[in-house]
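Heads up: the structure comes next, in structure tokens.
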Amino acid sequence: MNDTAEQDDRREERLSDEERRKRLRERRTGAYRGAKRVLARPGFLGTLRERLALLERAEEVHDLDEASDLYGNGVVEALEEKVAQLLGKEAAAFFPTGTMAQQVALRCWAGRTGNPAVALHALAHPEVHERHALSQVSGLRPVRVTNAPRLPTAGEVRGLDEHFGTLMLELPLRDAGFLLPTWEELTELVEAARERDAVVHFDGARLWESTVHFGRPLEEIADLADSVYVSFYKSLDGYGGAALAGPRELVEEARAWRHRYGGNVFQQFPTVLSALTGLERELPRLPEYVRHARVVAAALREGFAAAGLPWVRVHPEAPHTHEFQLWLPYEADVAAEAAIRTAEETGTMLFTSGWDATGPGLAFTEVSVRAAGLEWTADDVRAAVAEFVARLGKDAGEGG
């Protein structure tokens with residue numbers, strides 16, 4: 001076979017694999033929408049009609065007889081003031097995306113410190129999910145504090161062999177399992193950065209749900225950082241959007257860069273109203289979700305142990321937030337198929353997220369517990385595990 005023929009065969013195999021995964025995603029979506037019971041129903045998975053219904057009670061969070069926003073005034077300013085108050089910061093600015101908000105924050109700090117180096121974790125969002133935007137768009141230089149699947153330590157920050165102007169901490173660190181440090185570890189990290197004459201920025205996309213783990217209010221947590229970015233859709237079910245909070249002068253400079261980056265959008269009231277709704281309805285419930293996630297995590301461990309699986313890991317063992325990882329010794333597609341079939345055949349969908357392969361015969365998924373999950377008892381979880389394992393065995397025998 002010549003090189004061209006071999007390339008064609010590989011291309012066909014790749015396309016076939018992509019098509020198979022696409023169909024698997026479509027089945028998962030269909031199973032989720034048809035399931036009577038799930039642990040979480042995040043808004044972004046809803047239909048357009050369901051998403052629009054979010055604003056039916058918008059008058060409860062803002063005066064709808066007020067003039068609509070234009071280029072960031074009106075209701076946008078109201079949201080900014082509310083976020084600044086919640087986080088105990090002088091001011092806040094609304095951004096259409098978190099990627100933009102965070103890049104602008106780090107760029108502003110680089111200008112103020114005179115140092116474009118940003119110390120961050122190798123699994124931090126800008127390093128993994130933003131196509132090297134910090135360097136390609138903002139002229140910043142990421143410096144990795146650690147590659148380990150945990151939060152950086154104060155010792156690593158003190159011992160970093162490069163001078164940096166900003167330490168960026170993602171709280172929680174999503175790709176390591178939604179991990180948070182202890183309060184003592186966090187304060188030591190901040191102190192270590194100060195010793196290096198660096199400012200501290202929190203990637204707090206999911207900071208809202210960290211209060212239970214830290215045992216501190218949001219304002220006290222945010223007070224450790226010079227600036228904080230928060231998201232309105234990841235935990236609050238808004239349509240999108242983010243905010244950057246910090247010193248007033250920094251926020252004013254960030255507004256100028258927001259304009260330059262194309263983020264000074266003409267009208268944003270639907271997204272802003274959804275964010276205000278999320279702050280009103282979801283934010284107060286997040287602690288309850290976090291506490292019940294620990295019940296669910298324990299029941300998952302018990303259910304898999306009772307099923308006799310050779311190795312299963314809930315990570316972290318006691319979730320730090322209402323989201324965590326579950327690891328299984330099976331191929332990702334096998335686990336995904338079992339999860340989908342369980343939902344299709346029983347009406348109960350235990351695992352709604354996709355499965356990622358991290359090595360031969362090893363896969364993980366993310367588990368989220370929200371309002372729908374509060375209805376589940378530990379017995380319900382254990383029963384759902386038994387149904388899932390029964391189908392897992394049919395699909396793969398003894399697993400990996």
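Following the order of the structure tokens, first chain is A, next is B, and so on, with residues numbered from 1 inside each chain and ligands from 1 in the order they appear.
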Exercise for review: Just the residues within 8 Å of A:Phe388, please, counting only C-alpha atoms, with nothing from its chain fewer than 2 positions along; format it as number ranges by chain.
Suggested key: A: 338-339, 342, 350, 384-386, 390-392
For stretch 160-173 of chain A, find every residue with an atom within 8 Å (counting only C-alpha atoms), except residues of its own chain fewer than 5 positions away, and show them as a tab-separated table (two decimals) with C-alpha atoms, in the first residue's frame.
chain	number	residue	atom	x	y	z
A	106	LEU	CA	-3.65	40.15	34.22
A	109	TRP	CA	-1.53	44.09	36.66
A	110	ALA	CA	1.43	43.51	34.35
A	113	THR	CA	3.96	45.83	38.31
A	114	GLY	CA	6.15	46.26	35.23
A	115	ASN	CA	6.38	42.46	34.95
A	116	PRO	CA	4.50	40.46	32.27
A	117	ALA	CA	5.20	37.09	33.96
A	118	VAL	CA	2.13	35.40	35.47
A	119	ALA	CA	2.75	32.51	37.86
A	120	LEU	CA	-0.01	29.91	37.58
A	121	HIS	CA	-0.76	26.20	37.66
A	123	LEU	CA	-3.85	23.01	34.75
A	124	ALA	CA	-5.16	26.57	35.11
A	125	HIS	CA	-7.83	27.62	32.62
A	143	VAL	CA	5.23	30.71	34.36
A	145	VAL	CA	4.40	26.95	39.42
A	150	ARG	CA	-3.14	19.74	43.22
A	151	LEU	CA	-2.98	23.39	44.19
A	178	PHE	CA	-12.47	20.99	41.60
A	179	LEU	CA	-9.84	21.15	44.32
A	180	LEU	CA	-9.47	23.87	46.94
A	193	ALA	CA	3.31	35.90	46.72
A	196	ARG	CA	7.89	38.01	46.17
A	197	ASP	CA	6.43	41.52	45.68
A	198	ALA	CA	3.70	40.05	43.48
A	199	VAL	CA	-0.01	40.80	43.36
A	200	VAL	CA	-2.57	38.02	43.68
A	201	HIS	CA	-5.45	37.40	41.27
A	202	PHE	CA	-8.14	34.76	41.88
A	203	ASP	CA	-9.64	32.91	38.95
A	204	GLY	CA	-12.87	32.53	40.88
A	205	ALA	CA	-15.12	31.28	38.10
A	206	ARG	CA	-16.54	28.86	40.68
A	207	LEU	CA	-15.58	30.81	43.80
A	210	SER	CA	-16.15	27.67	48.04
A	321	THR	CA	-17.53	21.90	46.07
Exercise for review: Give the strand (DSSP E) residues of stretch 165-395 of chain A, as assigned by DSSP on the backbone, as JSON, numbers by chain.
Suggested key: {"A": [166, 167, 168, 169, 170, 199, 200, 201, 202, 203, 204, 227, 228, 229, 230, 231, 242, 243, 244, 245, 246, 313, 314, 315, 323, 324, 325, 326, 327, 328, 348, 349, 355, 356, 357, 358, 359, 362, 363, 364, 365, 366, 367, 368]}
Exercise for review: Skip A:Val137 itself and residues of its chain fewer than 3 positions away, then list as a ChimeraX atom specification all residues within 12 Å of it, counting only C-alpha atoms.
Suggested key: /A:99-100,103-104,106-107,126,130-134,140-141,260-261
With C-alpha atoms retained, write the just-selected residues as a CSV table (one decimal), in the first residue's frame.
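Output contents, as saved in result.csv:
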chain,number,residue,atom,x,y,z
A,99,THR,CA,-11.5,34.7,29.2
A,100,MET,CA,-11.6,38.4,28.4
A,103,GLN,CA,-6.8,38.5,30.3
A,104,VAL,CA,-7.6,42.1,31.0
A,106,LEU,CA,-3.6,40.1,34.2
A,107,ARG,CA,-2.7,42.7,31.5
A,126,PRO,CA,-5.6,30.0,30.6
A,130,GLU,CA,-7.6,29.4,26.0
A,131,ARG,CA,-5.3,28.6,23.1
A,132,HIS,CA,-2.3,30.4,24.7
A,133,ALA,CA,-4.3,33.7,24.7
A,134,LEU,CA,-2.2,35.2,27.5
A,140,LEU,CA,2.0,38.0,28.9
A,141,ARG,CA,4.3,35.2,29.9
A,260,ARG,CA,-10.3,47.7,23.2
A,261,TYR,CA,-10.9,43.9,23.3
Practice item. Enter the distance from atom CA of A:Arg57 to atom CA of A:Ser235, in Å, rounded to one decimal. Key: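 Separating atom CA of A:Arg57 from atom CA of A:Ser235 is a distance of 19.2 Å.
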Review point. For the atom pair atom CA of A:Ala40 and atom CA of A:Arg370, what is the interatomic distance in Å to one decimal place?
Key: 4.7 Å
Exercise for review: Please report, as an MDAnalysis selection string, each residue of stretch 165-325 of chain A to which DSSP assigns alpha helix (DSSP H) when run on this structure's backbone.
Suggested key: chainID A and resid 183:195 211:214 218:222 248:260 269:281 286:307
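For the set A:Gly74, A:Gly393, A:Pro316, A:Gly88, the residue with the smallest atom-to-atom gap to A:Asp226 is A:Gly88, counting only C-alpha atoms.
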So which residues touch A:Arg313 within 7 Å, counting only C-alpha atoms, skipping near sequence neighbours fewer than 4 positions away, as a PDB file with N, CA, C and O atoms, in the first residue's frame?
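Ended up saving to around-v4.pdb:
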ATOM      1  N   LEU A 326     -15.144  11.228  39.127  1.00  0.00           N
ATOM      2  CA  LEU A 326     -15.250   9.803  39.393  1.00  0.00           C
ATOM      3  C   LEU A 326     -14.381   9.078  38.371  1.00  0.00           C
ATOM      4  O   LEU A 326     -14.524   9.297  37.160  1.00  0.00           O
ATOM      5  N   TRP A 327     -13.485   8.225  38.855  1.00  0.00           N
ATOM      6  CA  TRP A 327     -12.553   7.486  37.998  1.00  0.00           C
ATOM      7  C   TRP A 327     -12.910   6.008  38.001  1.00  0.00           C
ATOM      8  O   TRP A 327     -13.209   5.430  39.060  1.00  0.00           O
ATOM      9  N   LEU A 328     -12.884   5.396  36.795  1.00  0.00           N
ATOM     10  CA  LEU A 328     -13.188   3.974  36.649  1.00  0.00           C
ATOM     11  C   LEU A 328     -12.121   3.278  35.804  1.00  0.00           C
ATOM     12  O   LEU A 328     -11.585   3.881  34.873  1.00  0.00           O
TER      13      LEU A 328
END
Got a sec: who's within 10 Å of A:Glu252, counting only C-alpha atoms, leaving out chain neighbours fewer than 5 positions off, as a PDB file with N, CA and C atoms, in the first residue's frame?
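part-v4.pdb written:
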ATOM      1  N   ALA A  91     -14.904  48.053  43.396  1.00  0.00           N
ATOM      2  CA  ALA A  91     -15.665  48.164  42.144  1.00  0.00           C
ATOM      3  C   ALA A  91     -15.606  46.843  41.389  1.00  0.00           C
ATOM      4  N   ALA A  92     -16.471  46.733  40.386  1.00  0.00           N
ATOM      5  CA  ALA A  92     -16.493  45.549  39.523  1.00  0.00           C
ATOM      6  C   ALA A  92     -16.912  45.973  38.125  1.00  0.00           C
ATOM      7  N   ALA A  93     -16.444  45.235  37.132  1.00  0.00           N
ATOM      8  CA  ALA A  93     -16.807  45.503  35.737  1.00  0.00           C
ATOM      9  C   ALA A  93     -17.326  44.220  35.105  1.00  0.00           C
ATOM     10  N   GLY A 246     -12.175  44.471  42.001  1.00  0.00           N
ATOM     11  CA  GLY A 246     -10.908  44.845  42.600  1.00  0.00           C
ATOM     12  C   GLY A 246     -10.869  46.317  42.934  1.00  0.00           C
ATOM     13  N   PRO A 247      -9.675  46.890  43.056  1.00  0.00           N
ATOM     14  CA  PRO A 247      -9.557  48.327  43.342  1.00  0.00           C
ATOM     15  C   PRO A 247     -10.209  49.159  42.241  1.00  0.00           C
ATOM     16  N   TRP A 257      -9.689  48.645  28.652  1.00  0.00           N
ATOM     17  CA  TRP A 257      -9.227  47.475  27.889  1.00  0.00           C
ATOM     18  C   TRP A 257     -10.392  46.624  27.416  1.00  0.00           C
ATOM     19  N   ARG A 258     -11.462  46.579  28.180  1.00  0.00           N
ATOM     20  CA  ARG A 258     -12.664  45.864  27.742  1.00  0.00           C
ATOM     21  C   ARG A 258     -13.147  46.426  26.414  1.00  0.00           C
TER      22      ARG A 258
END
Write out as a CSV table (one decimal) with N, CA and C atoms, in the first residue's frame the residues lying within 12 Å of A:Gly46, counting only C-alpha atoms and excluding same-chain residues fewer than 4 positions away.
chain,number,residue,atom,x,y,z
A,29,THR,N,-27.3,13.3,25.1
A,29,THR,CA,-28.2,14.4,25.2
A,29,THR,C,-29.6,14.0,25.2
A,30,GLY,N,-29.9,13.0,24.3
A,30,GLY,CA,-31.3,12.5,24.3
A,30,GLY,C,-31.7,11.8,25.6
A,32,TYR,N,-30.4,12.3,28.5
A,32,TYR,CA,-30.5,13.2,29.6
A,32,TYR,C,-31.9,13.9,29.6
A,33,ARG,N,-32.3,14.3,28.4
A,33,ARG,CA,-33.6,15.0,28.3
A,33,ARG,C,-34.7,14.1,28.6
A,34,GLY,N,-34.6,12.8,28.3
A,34,GLY,CA,-35.6,11.9,28.6
A,34,GLY,C,-35.6,11.3,30.0
A,40,ALA,N,-28.2,16.6,38.4
A,40,ALA,CA,-28.1,18.1,38.1
A,40,ALA,C,-28.8,18.3,36.8
A,41,ARG,N,-29.4,19.5,36.7
A,41,ARG,CA,-30.0,19.9,35.4
A,41,ARG,C,-29.5,21.4,35.2
A,42,PRO,N,-28.2,21.5,34.8
A,42,PRO,CA,-27.7,22.9,34.6
A,42,PRO,C,-28.5,23.5,33.4
A,50,GLU,N,-36.9,26.8,27.7
A,50,GLU,CA,-36.6,26.7,29.1
A,50,GLU,C,-35.6,27.8,29.5
A,51,ARG,N,-34.7,28.2,28.6
A,51,ARG,CA,-33.8,29.2,29.0
A,51,ARG,C,-34.5,30.6,29.0
A,52,LEU,N,-35.4,30.8,28.1
A,52,LEU,CA,-36.1,32.1,28.1
A,52,LEU,C,-37.0,32.2,29.3
A,53,ALA,N,-37.5,31.1,29.8
A,53,ALA,CA,-38.4,31.1,31.0
A,53,ALA,C,-37.6,31.6,32.2
A,54,LEU,N,-36.3,31.6,32.2
A,54,LEU,CA,-35.5,32.1,33.3
A,54,LEU,C,-35.8,33.6,33.6
A,237,ASP,N,-26.1,29.5,36.7
A,237,ASP,CA,-27.1,29.2,35.6
A,237,ASP,C,-27.4,30.4,34.7
A,238,GLY,N,-26.6,31.4,34.8
A,238,GLY,CA,-26.9,32.6,33.9
A,238,GLY,C,-26.6,32.2,32.4
A,239,TYR,N,-27.0,33.1,31.5
A,239,TYR,CA,-26.7,32.9,30.1
A,239,TYR,C,-25.3,33.0,29.7
Exercise for review: Excluding A:Arg291 and any residue of its chain fewer than 5 positions from it, enumerate the residues within 10 Å of it, using only C-alpha atoms, and give them as a list of chain:residue names.
Suggested key: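 Here the qualifying residues turn out to be A:Val212, A:His213, A:Leu286, A:Val296, A:Ala318, A:Pro319, A:His320, A:Thr321, A:His322, A:Val369, A:Leu374.
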Check your understanding: Using only C-alpha atoms, which of A:Tyr233, A:Glu302, A:Glu331, A:Gln325 sits nearest A:Phe351?
Key ->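 Looking only at the distances to A:Phe351, the closest residue turns out to be A:Gln325.
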Point to revise | Computed interatomic separation between atom CA of A:Gly278 and atom CA of A:Val228 (Å) | key: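 Pair atom CA of A:Gly278 / atom CA of A:Val228 returns 18.4 Å.
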Point to revise | Nearest candidate to A:Ser68 (options A:Pro287, A:Pro270, A:Gly373, A:Gly111; using only C-alpha atoms) | key: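 Smallest separation from A:Ser68 among the options: A:Pro270.
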Check your understanding: Which one of A:Ser227, A:Thr346, A:Thr358, A:Thr377 sits closest to A:Ala35 if you count only C-alpha atoms?
Key ->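 Among A:Ser227, A:Thr346, A:Thr358, A:Thr377, it is A:Thr346 that comes nearest to A:Ala35.
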**Study point:** A:Leu86, A:Ala378, A:Leu309, A:Ala192 ranked by distance to A:Thr153, top pick (using only C-alpha atoms)
**Key:** A:Ala192
